[in-house]
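To keep things clear, I will list the structure first and then write my remarks on it.
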Amino acid sequence: MNLKIVIIFSILILNFCNLIAQDNYLEIKPKPGDGIKVIFARYDIPEIQEMLYWFVEKNAGKFVGQDGIMISETYLLPIVVYEYNGKSIRSTIENNDFAYAQSIQKYNDKMHRKGVKEGNYRKDHILWLPQFELDSPNKSKTEKKAKEKMPTEVIVDLFGEKYKKVKILSHKLKDCIFYIVSGHGGPDPGAVGYRDNYELHEDEYAYDVSLRLARNLIEYGAEVYVIVQDSTDGIRDGYYLNNSYQEVYIDGSPISSNQLERLKKRVEIINDLYYKNQNSGKKQYSIETHVDSRYTGKMIDIFFYHGETSTEGKRVADILLSTIEDKYRKAQPGRGYDGTVTSRNLYMIRNTIPTMIFIEIGNIQNQRDQIRLIEKNNRQAIANWLRDGLLNAIK
Ligand SMILES: [Zn+2]
């Protein structure tokens with residue numbers, strides 16, 4: 001934590017109080033000295049990526065530096081506030097699961113006992129429903145055993161030292177395979193933008209978002225192939241990403257300087273994998289990311305292309321679009337979002353067998369779009385939004 005914030009924290013002493021927020025998420029005022037981890041511990045929120053992302057996204061714009069909490073702000077927590085109907089938790093939340101209701105009861109009582117929740121829900125009729133998994137003593141032994149057997153963590157060296165450990169948060173995408181291709185790479189930097197005397201290369205930013213997306217999808221149990229790779233980069237938290245020309249394909253073969261050769265090779269690799277994986281019975285998708293500059297200088301919102309005859313491509317792209325629209329509406333009300341879904345007769349889209357979604361993240365030559373790229377939190381947010389869209393599309 002930044003020293004300045006520590007000082008501000010110690011000067012300002014505010015009373016802690018809970019407010020009921022719109023969306024009915026619990027809204028809290030931090031205590032002096034609070035950080036995300038301290039708040040999570042206070043409310044028994046597990047410190048997993050999913051929850052951390054949720055917190056950072058829902059409270060976007062309220063952090064100092066990386067993730068410093070501001071005492072003057074209020075923050076939403078992944079806890080939904082219900083009005084207790086005075087009868088039972090089950091009828092209040094309209095869920096008949098007795099063991100689940102017991103775990104909710106236990107949670108509310110514990111929070112009240114700890115002084116975190118002001119009133120007893122039976123009296124003040126305010127019931128907290130955590131949006132995370134609670135430890136339930138009533139879980140059957142077989143269920144617990146099954147959980148133990150599932151891999152809880154995998155190591156993906158490609159993501160780099162800091163991000164290589166990937167916790168499996170859920171198995172929602174276990175029946176899906178994704179081929180993630182970042183545009184360009186190797187001798188071809190793609191579109192180039194300029195900012196603060198730095199050259200921004202399309203391939204580097206598309207690659208970073210692609211790796212973040214790949215990691216997000218693995219967290220949800222998907223099988224992911226990253227088609228263009230740079231073994232030294234990993235997921236990078238820097239502002240200006242170092243430009244290199246050393247990217248290769250997933251099979252180690254070099255990226256040609258000839259455009260048609262490049263496109264052919266990409267298609268060939270993905271289609272070979274598609275045939276190899278066909279017997280798995282899993283749904284297969286390819287996702288290609290770009291940051292072009294087709295519209296010189298103009299600001300563009302994230303938009304999508306799909307194959308001209310691909311109904312599944314259109315369906316998934318439409319859901320990605322509406323998910324992002326929704327995210328913007330919540331994160332930046334009034335901003336608007338001009339993204340589109342259209343078909344396009346591109347070589348990659350036309351020839352790749354698995355359903356292809358082609359994503360343009362922004363215009364690398366536009367000053368405002370560049371902020372979407374150089375801020376690591378923005379690159380992560382894009383990857384999170386795309387993941388959420390895919391989770392919405394694939395059920
Ligand atoms: Zn491109």
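Following the order of the structure tokens, first chain is A, next is B, and so on, with residues numbered from 1 inside each chain and ligands from 1 in the order they appear.
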
Exercise. Once DSSP has gone over the backbone, tell me which residues of range 247-382 of chain A are in helix (DSSP H, G or I), as a PyMOL selection string.
Key: chain A and resi 259-280+311-331+347-351+367-374+376-382

Taking a cut-off of 9 Å and counting only C-alpha atoms and all ligand atoms, can you build a table that, for each residue of chain A near ligand 1, reports the nearest atom pair and how far apart they are in Å (one decimal), sorted by chain then residue number, as CSV?
```
residue,atom,partner,partner_atom_place_in_ligand_line,distance
A:Ser182,CA,ligand 1,1 (Zn),8.5
A:Gly183,CA,ligand 1,1 (Zn),5.2
A:His184,CA,ligand 1,1 (Zn),6.3
A:Pro189,CA,ligand 1,1 (Zn),8.6
A:Gly190,CA,ligand 1,1 (Zn),5.3
A:Ala191,CA,ligand 1,1 (Zn),6.2
A:Glu202,CA,ligand 1,1 (Zn),6.6
A:Asp203,CA,ligand 1,1 (Zn),7.5
A:Ala206,CA,ligand 1,1 (Zn),8.5
A:Thr289,CA,ligand 1,1 (Zn),7.6
A:His290,CA,ligand 1,1 (Zn),4.5
A:Val291,CA,ligand 1,1 (Zn),5.6
A:Asp292,CA,ligand 1,1 (Zn),4.8
A:Ser293,CA,ligand 1,1 (Zn),8.1
A:Glu360,CA,ligand 1,1 (Zn),8.0
```

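Within the 10 Å cut-off around Lys330 in chain A, using only C-alpha atoms and omitting residues fewer than 6 positions from it on the same chain, the listed residues are Glu57, Lys58, Ala60 and Ile324 of chain A.
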
Practice problem: Could you check which of A:Phe98, A:Phe63, A:Tyr249, A:Trp128 is closest to Asn24 in chain A, using only C-alpha atoms? | Solution: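 For Asn24 in chain A, the nearest of the candidates is A:Trp128.
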
Quiz item: If you measure from CA of Asp233 in chain A to CA of Tyr245 in chain A, what distance in Å do you get, rounded to one decimal?
Solution: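 Interatomic distance here is 11.4 Å.
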
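Counting only C-alpha atoms, the residue from A:Ala101, A:Val267, A:Ile374, A:Ile79 that sits nearest to Arg350 in chain A is A:Val267.
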
Self-check item: Non-local contacts of Asn277 in chain A (12 Å; only C-alpha atoms; under 4 positions in same chain excluded) as a ChimeraX atom specification
Solution: /A:175-179,223-225,270-273,281-285,354
